[in-house]
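Asker: Before we start, here is the structure in question, set down as structure tokens.
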Amino acid sequence: MSSTNQVIRCKAAVAWEAGKPLVIEEVEVAPPEKMEVRIKILFTSLCHTDVYFWEAKGQNPVFPRILGHEAGGVVESVGEGVTDLQPGDHVLPVFTGECKECAHCKSEESNMCDLLRINTDRGVMIHDQKSRFSINGKPIFHFVGTSTFSEYTVVHVGCLAKINPLAPLDKVCVLSCGISTGLGATLNVAKPKKGSSVAIFGLGAVGLAAAEGARISGASRIIGVDLNANRFELAKKFGVTEFVNPKDHTKPVQEVIAEMTNGGVDRSVECTGHIDAMISAFECVHDGWGVAVLVGVPHKDAVFKTSPLNLLNERTLKGTFFGNYKPRSDIPSVVEKYMNKELELEKFITHEVPFSEINKAFDLMLKGEGLRCIIRMGE
Ligand code: NAD
Ligand code: ZN
């Protein structure tokens, strides 16, 4: 039975204030408007980007808000104009979209859709600049167009990847952000050659997915850099061959890496969100051919400083959202890579909690424990 045009009352985890535990509330979720889809979220997980916007230390505060952007769900109802999704379809919501009509969507090189590219400050839907969530008539803001910490959410059709209904949503939900981001940063952007050396800064789920991409590309040396030594044991399962903890050295980590690799690595991928690591990741690539890719979400006031000579010496600096994947066109085939056993997702999933204990997932991430924590919405 479709409940199109009806308001749904359900549970959502609301961030009322920066840095305060989320509160499970009963919210009203309005029906989907033009080009929107209402989905039932079954599983969601926590990515560090949610934590930055919840802490709102280095980001603009937008509260009260329903966070969450890494998830898997089922279409409940569709709004006017939606033709390629119907109730029952399995979908992954994505924080950046694909309208399929703009110059970016038509370009093979870009996933920065003009209409639906990531906007972290907007807390409303594009169609009417209003929120679909409320509590007793008071609007609650959206987050990056997804707001998956709710049993039901409304998403623009262009931010939903329709996937194989046989794919287990409690596993493939991690492809909705972190794992696709890291994997794509290496495979689509850094593009290491077989036998090359790759440095990965930050060994969380995103960085280890980037390491997985380096392994798949046939890199012979994968150097993991992290301040948290606990990450090193975990990273061995992802093909990381050597470790550098910047805390163990008195000289800058880019110099340590240059010494280890006879002048620098062929590729580096930064997945920390810290400006110092971004600069080191760039400066540790070899002159002449090295390519560095930035993935971490920086503090809003961060400024990247390096000598222009580092660029003149033929190093390349790039950045990417969502690993340059176009969500609707590319993600269904990344899901198939998991179904064909080319890509392992289980090793990224270190914890699980029922929805009622969602704050535990935040504690784990703040303590730097584990990689991805799956939040089971039905419980
Ligand atoms: P995480 O917290 O699980 O992992 C980050 C790791 O970086 C941690 O192990 C931490 O110890 C390490 N680290 C922090 N500062 C460091 C430094 N200066 N040097 C070396 N290591 C350092 O986070 P995650 O969920 O894997 O996300 C990683 C980053 O990617 C975050 O900044 C997140 O916002 C960003 N992200 C970007 C995109 C995108 O599309 N560009 C998508 C998803 C996530
Ligand atoms: Zn994310």
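All residue names refer to the structure tokens as shown: chains lettered A, B, ... in order, residues numbered from 1 in each chain, ligands numbered from 1 in order.
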Can you list, as a PyMOL selection string, every protein, DNA or RNA residue that comes within 8 Å of Arg38 of chain A when you count only C-alpha atoms, leaving out same-chain residues fewer than 6 positions away?
Answerer: chain A and resi 31-32+75-78+152-155
Asker: Could I get the residue neighbourhood of ligand 2 at 8 Å, counting only C-alpha atoms and all ligand atoms, as a PDB file with N, CA, C and O atoms, in the first residue's frame?
Answerer:
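After the write, out-v9.pdb holds the following:
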```pdb
ATOM      1  N   LEU A  46      27.893   5.594   9.975  1.00  0.00           N
ATOM      2  CA  LEU A  46      28.400   6.917  10.330  1.00  0.00           C
ATOM      3  C   LEU A  46      29.713   7.165   9.592  1.00  0.00           C
ATOM      4  O   LEU A  46      30.623   6.332   9.619  1.00  0.00           O
ATOM      5  N   CYS A  47      29.793   8.323   8.952  1.00  0.00           N
ATOM      6  CA  CYS A  47      31.007   8.749   8.245  1.00  0.00           C
ATOM      7  C   CYS A  47      31.549   9.958   9.014  1.00  0.00           C
ATOM      8  O   CYS A  47      30.789  10.663   9.678  1.00  0.00           O
ATOM      9  N   HIS A  48      32.852  10.223   8.904  1.00  0.00           N
ATOM     10  CA  HIS A  48      33.395  11.322   9.701  1.00  0.00           C
ATOM     11  C   HIS A  48      32.765  12.675   9.330  1.00  0.00           C
ATOM     12  O   HIS A  48      32.689  13.582  10.152  1.00  0.00           O
ATOM     13  N   THR A  49      32.282  12.801   8.100  1.00  0.00           N
ATOM     14  CA  THR A  49      31.664  14.062   7.681  1.00  0.00           C
ATOM     15  C   THR A  49      30.446  14.390   8.567  1.00  0.00           C
ATOM     16  O   THR A  49      30.213  15.549   8.917  1.00  0.00           O
ATOM     17  N   ASP A  50      29.657  13.368   8.938  1.00  0.00           N
ATOM     18  CA  ASP A  50      28.524  13.612   9.852  1.00  0.00           C
ATOM     19  C   ASP A  50      29.025  14.196  11.171  1.00  0.00           C
ATOM     20  O   ASP A  50      28.412  15.103  11.731  1.00  0.00           O
ATOM     21  N   HIS A  69      24.282  10.271   5.930  1.00  0.00           N
ATOM     22  CA  HIS A  69      24.311  10.261   4.464  1.00  0.00           C
ATOM     23  C   HIS A  69      24.815   8.953   3.885  1.00  0.00           C
ATOM     24  O   HIS A  69      24.867   8.809   2.675  1.00  0.00           O
ATOM     25  N   GLU A  70      25.189   7.997   4.748  1.00  0.00           N
ATOM     26  CA  GLU A  70      25.666   6.712   4.216  1.00  0.00           C
ATOM     27  C   GLU A  70      24.598   5.686   4.581  1.00  0.00           C
ATOM     28  O   GLU A  70      24.413   5.393   5.769  1.00  0.00           O
ATOM     29  N   PHE A  95      25.125  11.903  -1.238  1.00  0.00           N
ATOM     30  CA  PHE A  95      25.156  13.317  -0.848  1.00  0.00           C
ATOM     31  C   PHE A  95      25.387  14.267  -2.015  1.00  0.00           C
ATOM     32  O   PHE A  95      25.265  15.477  -1.882  1.00  0.00           O
ATOM     33  N   SER A 176      27.440   3.908  -0.187  1.00  0.00           N
ATOM     34  CA  SER A 176      26.697   5.145  -0.412  1.00  0.00           C
ATOM     35  C   SER A 176      27.555   6.385  -0.133  1.00  0.00           C
ATOM     36  O   SER A 176      27.220   7.482  -0.560  1.00  0.00           O
ATOM     37  N   CYS A 177      28.677   6.202   0.601  1.00  0.00           N
ATOM     38  CA  CYS A 177      29.629   7.322   0.729  1.00  0.00           C
ATOM     39  C   CYS A 177      31.058   6.793   0.814  1.00  0.00           C
ATOM     40  O   CYS A 177      31.765   6.733  -0.172  1.00  0.00           O
ATOM     41  N   GLY A 178      31.485   6.428   2.031  1.00  0.00           N
ATOM     42  CA  GLY A 178      32.907   6.246   2.331  1.00  0.00           C
ATOM     43  C   GLY A 178      33.682   5.316   1.414  1.00  0.00           C
ATOM     44  O   GLY A 178      34.764   5.676   0.927  1.00  0.00           O
ATOM     45  N   THR A 181      33.920   6.509  -2.135  1.00  0.00           N
ATOM     46  CA  THR A 181      34.777   7.702  -2.171  1.00  0.00           C
ATOM     47  C   THR A 181      36.253   7.331  -2.209  1.00  0.00           C
ATOM     48  O   THR A 181      37.010   7.813  -3.052  1.00  0.00           O
TER      49      THR A 181
END
```
Asker: Neighbours of ligand 1 at 8 Å or closer, counting only C-alpha atoms and all ligand atoms: which residues, as a CSV table (one decimal) with all heavy atoms, in the first residue's frame?
Answerer:
```
chain,number,residue,atom,x,y,z
A,46,LEU,N,27.9,5.6,10.0
A,46,LEU,CA,28.4,6.9,10.3
A,46,LEU,C,29.7,7.2,9.6
A,46,LEU,O,30.6,6.3,9.6
A,46,LEU,CB,28.6,7.0,11.8
A,46,LEU,CG,29.0,8.3,12.4
A,46,LEU,CD1,27.9,9.3,12.2
A,46,LEU,CD2,29.4,8.1,13.9
A,47,CYS,N,29.8,8.3,9.0
A,47,CYS,CA,31.0,8.7,8.2
A,47,CYS,C,31.5,10.0,9.0
A,47,CYS,O,30.8,10.7,9.7
A,47,CYS,CB,30.6,9.1,6.8
A,47,CYS,SG,31.8,10.1,5.9
A,48,HIS,N,32.9,10.2,8.9
A,48,HIS,CA,33.4,11.3,9.7
A,48,HIS,C,32.8,12.7,9.3
A,48,HIS,O,32.7,13.6,10.2
A,48,HIS,CB,34.9,11.4,9.6
A,48,HIS,CG,35.5,11.9,10.9
A,48,HIS,ND1,36.6,11.3,11.5
A,48,HIS,CD2,35.2,12.9,11.7
A,48,HIS,CE1,36.8,11.9,12.7
A,48,HIS,NE2,36.0,12.9,12.8
A,49,THR,N,32.3,12.8,8.1
A,49,THR,CA,31.7,14.1,7.7
A,49,THR,C,30.4,14.4,8.6
A,49,THR,O,30.2,15.5,8.9
A,49,THR,CB,31.3,14.0,6.2
A,49,THR,OG1,32.4,13.5,5.5
A,49,THR,CG2,30.9,15.3,5.7
A,50,ASP,N,29.7,13.4,8.9
A,50,ASP,CA,28.5,13.6,9.9
A,50,ASP,C,29.0,14.2,11.2
A,50,ASP,O,28.4,15.1,11.7
A,50,ASP,CB,27.8,12.3,10.2
A,50,ASP,CG,27.2,11.6,9.0
A,50,ASP,OD1,26.4,12.3,8.3
A,50,ASP,OD2,27.5,10.5,8.7
A,52,TYR,N,31.8,16.0,11.8
A,52,TYR,CA,32.2,17.4,11.6
A,52,TYR,C,31.0,18.3,11.7
A,52,TYR,O,31.1,19.4,12.3
A,52,TYR,CB,32.9,17.6,10.3
A,52,TYR,CG,34.2,16.9,10.0
A,52,TYR,CD1,34.4,16.5,8.7
A,52,TYR,CD2,35.1,16.7,11.0
A,52,TYR,CE1,35.6,15.8,8.4
A,52,TYR,CE2,36.3,16.0,10.7
A,52,TYR,CZ,36.5,15.6,9.4
A,52,TYR,OH,37.7,14.9,9.1
A,177,CYS,N,28.7,6.2,0.6
A,177,CYS,CA,29.6,7.3,0.7
A,177,CYS,C,31.1,6.8,0.8
A,177,CYS,O,31.8,6.7,-0.2
A,177,CYS,CB,29.3,8.2,1.9
A,177,CYS,SG,30.6,9.5,2.1
A,178,GLY,N,31.5,6.4,2.0
A,178,GLY,CA,32.9,6.2,2.3
A,178,GLY,C,33.7,5.3,1.4
A,178,GLY,O,34.8,5.7,0.9
A,181,THR,N,33.9,6.5,-2.1
A,181,THR,CA,34.8,7.7,-2.2
A,181,THR,C,36.3,7.3,-2.2
A,181,THR,O,37.0,7.8,-3.1
A,181,THR,CB,34.5,8.6,-0.9
A,181,THR,OG1,33.2,9.1,-1.1
A,181,THR,CG2,35.4,9.8,-0.8
A,182,GLY,N,36.7,6.5,-1.3
A,182,GLY,CA,38.1,6.1,-1.2
A,182,GLY,C,38.5,5.3,-2.4
A,182,GLY,O,39.6,5.6,-3.0
A,201,PHE,N,47.1,8.8,3.4
A,201,PHE,CA,47.1,9.5,4.6
A,201,PHE,C,45.7,9.4,5.2
A,201,PHE,O,44.7,9.7,4.6
A,201,PHE,CB,47.3,11.0,4.3
A,201,PHE,CG,48.8,11.3,4.1
A,201,PHE,CD1,49.4,10.9,2.9
A,201,PHE,CD2,49.6,12.0,5.0
A,201,PHE,CE1,50.7,11.2,2.6
A,201,PHE,CE2,50.9,12.3,4.8
A,201,PHE,CZ,51.5,11.9,3.6
A,202,GLY,N,45.7,8.8,6.5
A,202,GLY,CA,44.4,8.6,7.2
A,202,GLY,C,43.9,7.2,6.8
A,202,GLY,O,43.5,6.9,5.7
A,203,LEU,N,43.9,6.3,7.9
A,203,LEU,CA,43.5,4.9,7.6
A,203,LEU,C,42.2,4.6,8.3
A,203,LEU,O,42.0,3.6,8.9
A,203,LEU,CB,44.6,4.0,8.1
A,203,LEU,CG,46.0,4.2,7.5
A,203,LEU,CD1,47.1,3.3,8.1
A,203,LEU,CD2,46.0,4.0,6.0
A,204,GLY,N,41.2,5.5,8.1
A,204,GLY,CA,39.8,5.2,8.4
A,204,GLY,C,39.2,4.4,7.3
A,204,GLY,O,39.9,3.9,6.4
A,205,ALA,N,37.9,4.3,7.2
A,205,ALA,CA,37.3,3.5,6.2
A,205,ALA,C,37.5,4.1,4.8
A,205,ALA,O,37.8,3.4,3.8
A,205,ALA,CB,35.8,3.4,6.4
A,206,VAL,N,37.5,5.4,4.7
A,206,VAL,CA,37.8,6.1,3.4
A,206,VAL,C,39.2,5.8,2.9
A,206,VAL,O,39.4,5.4,1.8
A,206,VAL,CB,37.5,7.6,3.5
A,206,VAL,CG1,37.8,8.3,2.1
A,206,VAL,CG2,36.0,7.9,3.9
A,207,GLY,N,40.2,6.0,3.8
A,207,GLY,CA,41.6,5.8,3.4
A,207,GLY,C,41.8,4.3,3.1
A,207,GLY,O,42.6,4.0,2.2
A,208,LEU,N,41.2,3.4,3.9
A,208,LEU,CA,41.5,2.0,3.6
A,208,LEU,C,40.8,1.5,2.3
A,208,LEU,O,41.3,0.6,1.6
A,208,LEU,CB,41.1,1.1,4.8
A,208,LEU,CG,42.0,1.3,6.0
A,208,LEU,CD1,41.5,0.6,7.2
A,208,LEU,CD2,43.4,0.9,5.7
A,225,VAL,N,49.8,6.2,6.4
A,225,VAL,CA,50.2,7.3,7.3
A,225,VAL,C,49.0,7.6,8.3
A,225,VAL,O,47.9,7.9,7.8
A,225,VAL,CB,50.6,8.6,6.6
A,225,VAL,CG1,51.1,9.6,7.6
A,225,VAL,CG2,51.6,8.3,5.5
A,226,ASP,N,49.2,7.4,9.6
A,226,ASP,CA,48.2,7.8,10.5
A,226,ASP,C,48.8,8.1,11.8
A,226,ASP,O,49.9,7.6,12.2
A,226,ASP,CB,47.2,6.6,10.7
A,226,ASP,CG,45.8,7.1,11.1
A,226,ASP,OD1,45.7,7.6,12.2
A,226,ASP,OD2,44.8,6.9,10.4
A,227,LEU,N,48.1,9.0,12.6
A,227,LEU,CA,48.6,9.4,13.9
A,227,LEU,C,48.1,8.3,15.0
A,227,LEU,O,48.6,8.4,16.1
A,227,LEU,CB,48.0,10.7,14.3
A,227,LEU,CG,48.3,11.9,13.4
A,227,LEU,CD1,47.4,13.1,13.8
A,227,LEU,CD2,49.8,12.3,13.7
A,228,ASN,N,47.2,7.5,14.6
A,228,ASN,CA,46.6,6.5,15.5
A,228,ASN,C,47.3,5.1,15.2
A,228,ASN,O,46.9,4.5,14.2
A,228,ASN,CB,45.1,6.5,15.3
A,228,ASN,CG,44.4,5.4,16.2
A,228,ASN,OD1,45.1,4.6,16.8
A,228,ASN,ND2,43.1,5.4,16.1
A,231,ARG,N,45.5,1.8,14.1
A,231,ARG,CA,45.1,1.6,12.8
A,231,ARG,C,46.0,0.6,12.0
A,231,ARG,O,45.5,0.1,11.0
A,231,ARG,CB,45.0,2.9,12.0
A,231,ARG,CG,44.0,3.9,12.5
A,231,ARG,CD,42.6,3.5,12.1
A,231,ARG,NE,41.7,4.6,12.4
A,231,ARG,CZ,40.4,4.4,12.5
A,231,ARG,NH1,39.9,3.2,12.5
A,231,ARG,NH2,39.6,5.5,12.7
A,245,ASN,N,54.0,6.7,11.3
A,245,ASN,CA,53.3,7.5,12.2
A,245,ASN,C,54.0,8.9,12.4
A,245,ASN,O,55.2,8.9,12.9
A,245,ASN,CB,53.2,6.8,13.6
A,245,ASN,CG,52.2,7.6,14.5
A,245,ASN,OD1,52.0,8.8,14.3
A,245,ASN,ND2,51.7,6.9,15.5
A,246,PRO,N,53.4,10.0,11.9
A,246,PRO,CA,54.2,11.3,12.0
A,246,PRO,C,54.7,11.6,13.4
A,246,PRO,O,55.7,12.2,13.5
A,246,PRO,CB,53.1,12.3,11.6
A,246,PRO,CG,52.1,11.5,10.7
A,246,PRO,CD,52.1,10.1,11.3
A,270,GLU,N,44.9,11.6,0.2
A,270,GLU,CA,44.7,12.2,1.6
A,270,GLU,C,43.3,11.9,2.1
A,270,GLU,O,42.3,12.4,1.4
A,270,GLU,CB,45.1,13.7,1.6
A,270,GLU,CG,44.8,14.4,2.9
A,270,GLU,CD,43.4,14.7,3.2
A,270,GLU,OE1,42.7,15.0,2.2
A,270,GLU,OE2,43.0,14.7,4.3
A,271,CYS,N,43.1,11.3,3.2
A,271,CYS,CA,41.7,11.0,3.7
A,271,CYS,C,41.7,11.3,5.2
A,271,CYS,O,41.2,10.5,6.0
A,271,CYS,CB,41.4,9.5,3.4
A,271,CYS,SG,41.6,8.9,1.7
A,272,THR,N,42.1,12.5,5.6
A,272,THR,CA,42.1,12.8,7.0
A,272,THR,C,41.2,14.0,7.3
A,272,THR,O,40.7,14.2,8.4
A,272,THR,CB,43.5,13.2,7.5
A,272,THR,OG1,43.9,14.4,7.0
A,272,THR,CG2,44.6,12.1,7.2
A,273,GLY,N,41.2,15.0,6.4
A,273,GLY,CA,40.4,16.2,6.6
A,273,GLY,C,41.3,17.3,7.3
A,273,GLY,O,40.8,18.4,7.6
A,274,HIS,N,42.6,16.9,7.6
A,274,HIS,CA,43.5,17.9,8.3
A,274,HIS,C,44.4,18.6,7.3
A,274,HIS,O,45.1,17.9,6.5
A,274,HIS,CB,44.2,17.2,9.4
A,274,HIS,CG,43.3,16.9,10.6
A,274,HIS,ND1,43.2,17.7,11.6
A,274,HIS,CD2,42.4,15.9,10.8
A,274,HIS,CE1,42.3,17.3,12.5
A,274,HIS,NE2,41.8,16.2,12.0
A,275,ILE,N,44.5,19.9,7.4
A,275,ILE,CA,45.2,20.6,6.4
A,275,ILE,C,46.7,20.2,6.4
A,275,ILE,O,47.3,20.2,5.3
A,275,ILE,CB,45.0,22.2,6.6
A,275,ILE,CG1,45.6,23.0,5.5
A,275,ILE,CG2,45.5,22.7,8.0
A,275,ILE,CD1,44.9,22.8,4.2
A,276,ASP,N,47.3,19.9,7.6
A,276,ASP,CA,48.8,19.6,7.6
A,276,ASP,C,49.0,18.3,6.8
A,276,ASP,O,49.9,18.2,6.0
A,276,ASP,CB,49.3,19.3,9.0
A,276,ASP,CG,49.1,20.5,9.9
A,276,ASP,OD1,49.0,21.6,9.3
A,276,ASP,OD2,49.2,20.4,11.1
A,277,ALA,N,48.0,17.3,6.9
A,277,ALA,CA,48.2,16.1,6.2
A,277,ALA,C,48.0,16.3,4.7
A,277,ALA,O,48.6,15.7,3.9
A,277,ALA,CB,47.1,15.1,6.7
A,294,LEU,N,43.3,15.0,-2.9
A,294,LEU,CA,42.7,15.3,-1.6
A,294,LEU,C,41.2,14.8,-1.5
A,294,LEU,O,40.5,15.1,-2.4
A,294,LEU,CB,42.7,16.8,-1.4
A,294,LEU,CG,44.0,17.6,-1.5
A,294,LEU,CD1,43.9,19.0,-1.1
A,294,LEU,CD2,45.1,16.9,-0.7
A,295,VAL,N,40.9,14.2,-0.4
A,295,VAL,CA,39.6,13.6,-0.2
A,295,VAL,C,38.9,14.2,1.1
A,295,VAL,O,37.7,14.4,1.2
A,295,VAL,CB,39.6,12.1,-0.2
A,295,VAL,CG1,38.3,11.5,0.2
A,295,VAL,CG2,40.1,11.5,-1.5
A,296,GLY,N,39.8,14.4,2.1
A,296,GLY,CA,39.3,14.8,3.4
A,296,GLY,C,38.5,16.1,3.4
A,296,GLY,O,38.9,17.0,2.5
A,297,VAL,N,37.5,16.3,4.2
A,297,VAL,CA,36.7,17.5,4.2
A,297,VAL,C,37.4,18.5,5.2
A,297,VAL,O,37.5,18.2,6.4
A,297,VAL,CB,35.3,17.3,4.7
A,297,VAL,CG1,34.5,18.6,4.9
A,297,VAL,CG2,34.6,16.4,3.6
A,298,PRO,N,37.9,19.6,4.7
A,298,PRO,CA,38.7,20.5,5.6
A,298,PRO,C,37.9,21.4,6.5
A,298,PRO,O,36.7,21.6,6.3
A,298,PRO,CB,39.4,21.4,4.5
A,298,PRO,CG,38.5,21.5,3.4
A,298,PRO,CD,37.8,20.2,3.3
A,319,GLY,N,41.6,17.0,-6.4
A,319,GLY,CA,40.7,16.7,-5.3
A,319,GLY,C,39.5,16.0,-5.8
A,319,GLY,O,39.3,16.1,-7.0
A,320,THR,N,38.7,15.4,-5.0
A,320,THR,CA,37.5,14.7,-5.5
A,320,THR,C,36.4,14.6,-4.4
A,320,THR,O,36.7,14.4,-3.3
A,320,THR,CB,37.9,13.3,-6.0
A,320,THR,OG1,36.7,12.7,-6.4
A,320,THR,CG2,38.5,12.4,-5.0
A,321,PHE,N,35.2,14.7,-4.9
A,321,PHE,CA,34.0,14.3,-4.1
A,321,PHE,C,33.6,13.0,-4.6
A,321,PHE,O,33.5,12.7,-5.8
A,321,PHE,CB,32.9,15.3,-4.2
A,321,PHE,CG,33.0,16.5,-3.3
A,321,PHE,CD1,33.2,17.8,-3.7
A,321,PHE,CD2,32.9,16.3,-1.9
A,321,PHE,CE1,33.3,18.8,-2.8
A,321,PHE,CE2,33.0,17.3,-1.0
A,321,PHE,CZ,33.2,18.6,-1.5
A,322,PHE,N,33.2,12.1,-3.7
A,322,PHE,CA,32.6,10.8,-4.0
A,322,PHE,C,33.4,10.0,-5.1
A,322,PHE,O,32.9,9.4,-5.9
A,322,PHE,CB,31.2,11.0,-4.5
A,322,PHE,CG,30.3,9.8,-4.4
A,322,PHE,CD1,30.3,9.0,-3.2
A,322,PHE,CD2,29.6,9.3,-5.4
A,322,PHE,CE1,29.5,7.9,-3.1
A,322,PHE,CE2,28.8,8.2,-5.4
A,322,PHE,CZ,28.8,7.5,-4.2
A,323,GLY,N,34.8,10.2,-5.0
A,323,GLY,CA,35.6,9.4,-5.9
A,323,GLY,C,35.4,9.6,-7.4
A,323,GLY,O,35.7,8.7,-8.2
A,365,MET,N,33.6,6.6,16.8
A,365,MET,CA,34.4,7.4,15.8
A,365,MET,C,35.3,8.4,16.5
A,365,MET,O,36.4,8.6,16.1
A,365,MET,CB,33.4,8.0,14.8
A,365,MET,CG,34.2,8.8,13.7
A,365,MET,SD,33.4,8.9,12.2
A,365,MET,CE,33.8,7.4,11.4
A,366,LEU,N,34.7,9.0,17.5
A,366,LEU,CA,35.6,10.0,18.2
A,366,LEU,C,36.8,9.4,18.9
A,366,LEU,O,37.8,10.0,19.0
A,366,LEU,CB,34.7,10.8,19.3
A,366,LEU,CG,33.6,11.7,18.6
A,366,LEU,CD1,32.7,12.2,19.7
A,366,LEU,CD2,34.3,12.9,17.9
A,368,GLY,N,38.3,6.9,17.7
A,368,GLY,CA,39.1,6.3,16.6
A,368,GLY,C,39.1,4.8,16.7
A,368,GLY,O,40.1,4.1,16.2
A,370,GLY,N,37.6,1.2,15.4
A,370,GLY,CA,36.9,0.6,14.3
A,370,GLY,C,36.8,1.4,13.0
A,370,GLY,O,37.4,2.5,13.0
A,371,LEU,N,36.1,0.9,12.0
A,371,LEU,CA,36.0,1.6,10.7
A,371,LEU,C,34.6,2.1,10.5
A,371,LEU,O,34.3,3.3,10.7
A,371,LEU,CB,36.5,0.7,9.6
A,371,LEU,CG,37.9,0.3,9.7
A,371,LEU,CD1,38.3,-0.8,8.7
A,371,LEU,CD2,38.8,1.5,9.6
A,372,ARG,N,33.7,1.2,10.2
A,372,ARG,CA,32.3,1.6,10.0
A,372,ARG,C,31.4,0.9,11.0
A,372,ARG,O,31.6,-0.3,11.2
A,372,ARG,CB,31.8,1.2,8.6
A,372,ARG,CG,32.2,2.3,7.5
A,372,ARG,CD,31.7,3.7,7.9
A,372,ARG,NE,31.9,4.7,6.9
A,372,ARG,CZ,32.8,5.7,7.0
A,372,ARG,NH1,33.6,5.8,8.0
A,372,ARG,NH2,32.8,6.6,6.0
```
Asker: Could you check the closest approach to Tyr338 of chain A for each of A:Ala302, A:Val174, A:Val14, A:Lys100 and tell me which residue wins, using only C-alpha atoms?
Answerer: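 When distances to Tyr338 of chain A are compared using only C-alpha atoms, the smallest one comes from A:Val174.
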Asker: Of the residues A:Asp128, A:Asn60, A:Val157, A:Arg267, which is the one nearest to Met35 of chain A, using only C-alpha atoms?
Answerer: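 Nearest to Met35 of chain A: A:Val157.
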Asker: Near Leu85 of chain A, within 12 Å and counting only C-alpha atoms, which residues show up once chain neighbours fewer than 4 positions away are dropped, as a VMD selection string?
Answerer: chain A and resid 35 to 39 74 to 81 89 to 91 156 to 163 328
Asker: For Val291 of chain A, list every protein, DNA or RNA residue within 8 Å, evaluated using only C-alpha atoms, and leave out those in the same chain fewer than 6 positions away; present the list as an MDAnalysis selection string.
Answerer: chainID A and resid 190 266:268 282 285 315:318
Asker: Mind writing the picked residues with all heavy atoms as a CSV table (one decimal), in the first residue's frame?
Answerer:
```csv
chain,number,residue,atom,x,y,z
A,190,ALA,N,43.5,9.2,-8.8
A,190,ALA,CA,45.0,9.0,-8.7
A,190,ALA,C,45.5,8.1,-9.8
A,190,ALA,O,46.6,8.3,-10.3
A,190,ALA,CB,45.3,8.4,-7.3
A,266,ASP,N,54.7,7.7,-6.1
A,266,ASP,CA,54.1,8.0,-7.4
A,266,ASP,C,52.8,8.7,-7.2
A,266,ASP,O,52.4,9.5,-8.0
A,266,ASP,CB,54.0,6.7,-8.2
A,266,ASP,CG,55.3,6.0,-8.4
A,266,ASP,OD1,56.3,6.7,-8.8
A,266,ASP,OD2,55.4,4.8,-8.2
A,267,ARG,N,52.0,8.2,-6.2
A,267,ARG,CA,50.7,8.7,-6.0
A,267,ARG,C,50.5,8.9,-4.5
A,267,ARG,O,51.0,8.1,-3.7
A,267,ARG,CB,49.6,7.8,-6.5
A,267,ARG,CG,49.7,7.5,-8.0
A,267,ARG,CD,49.2,8.8,-8.8
A,267,ARG,NE,49.1,8.5,-10.2
A,267,ARG,CZ,50.1,8.7,-11.1
A,267,ARG,NH1,51.3,9.2,-10.7
A,267,ARG,NH2,50.0,8.5,-12.4
A,268,SER,N,49.6,9.8,-4.1
A,268,SER,CA,49.2,9.9,-2.7
A,268,SER,C,47.7,10.2,-2.6
A,268,SER,O,47.2,10.9,-3.5
A,268,SER,CB,50.0,10.8,-1.8
A,268,SER,OG,49.6,12.1,-2.1
A,282,PHE,N,50.6,16.2,-0.6
A,282,PHE,CA,51.0,16.8,-1.8
A,282,PHE,C,52.6,16.8,-1.9
A,282,PHE,O,53.1,16.4,-2.9
A,282,PHE,CB,50.5,18.2,-2.0
A,282,PHE,CG,51.0,18.9,-3.2
A,282,PHE,CD1,50.9,18.4,-4.5
A,282,PHE,CD2,51.7,20.1,-3.0
A,282,PHE,CE1,51.4,19.0,-5.6
A,282,PHE,CE2,52.3,20.8,-4.2
A,282,PHE,CZ,52.1,20.2,-5.4
A,285,VAL,N,54.8,13.5,-3.0
A,285,VAL,CA,54.8,12.8,-4.3
A,285,VAL,C,56.1,13.2,-5.0
A,285,VAL,O,56.6,14.3,-4.9
A,285,VAL,CB,53.6,13.1,-5.1
A,285,VAL,CG1,52.3,12.6,-4.4
A,285,VAL,CG2,53.4,14.5,-5.6
A,315,ARG,N,54.6,18.3,-10.2
A,315,ARG,CA,53.7,17.5,-9.4
A,315,ARG,C,52.3,17.9,-9.6
A,315,ARG,O,52.1,19.1,-9.9
A,315,ARG,CB,54.0,17.7,-7.9
A,315,ARG,CG,55.4,17.2,-7.4
A,315,ARG,CD,55.5,17.5,-5.9
A,315,ARG,NE,56.9,17.1,-5.5
A,315,ARG,CZ,57.9,17.8,-5.5
A,315,ARG,NH1,57.8,19.1,-6.0
A,315,ARG,NH2,59.1,17.4,-5.1
A,316,THR,N,51.3,17.1,-9.5
A,316,THR,CA,49.9,17.4,-9.8
A,316,THR,C,49.1,17.3,-8.5
A,316,THR,O,49.3,16.3,-7.8
A,316,THR,CB,49.3,16.5,-10.9
A,316,THR,OG1,50.2,16.6,-12.0
A,316,THR,CG2,47.9,16.9,-11.2
A,317,LEU,N,48.3,18.3,-8.2
A,317,LEU,CA,47.4,18.3,-7.1
A,317,LEU,C,45.9,18.2,-7.5
A,317,LEU,O,45.5,19.0,-8.4
A,317,LEU,CB,47.6,19.5,-6.2
A,317,LEU,CG,46.7,19.7,-5.0
A,317,LEU,CD1,47.0,18.6,-4.0
A,317,LEU,CD2,47.1,21.1,-4.3
A,318,LYS,N,45.2,17.2,-7.0
A,318,LYS,CA,43.8,17.1,-7.4
A,318,LYS,C,42.9,16.9,-6.2
A,318,LYS,O,43.5,16.7,-5.1
A,318,LYS,CB,43.6,15.8,-8.3
A,318,LYS,CG,44.3,15.9,-9.7
A,318,LYS,CD,43.9,14.7,-10.4
A,318,LYS,CE,44.3,14.7,-11.9
A,318,LYS,NZ,43.7,13.7,-12.7
```
Asker: Calculated over only C-alpha atoms, which of the candidates A:Ser196, A:Asn119, A:Thr350, A:Asn230 has the smallest distance to Arg215 of chain A?
Answerer: A:Ser196
Asker: Might you pull out every residue within 6 Å of segment 235-244 of chain A, with only C-alpha atoms counted and same-chain residues fewer than 3 positions away left off, and present them as a ChimeraX atom specification?
Answerer: /A:212,222-225,232
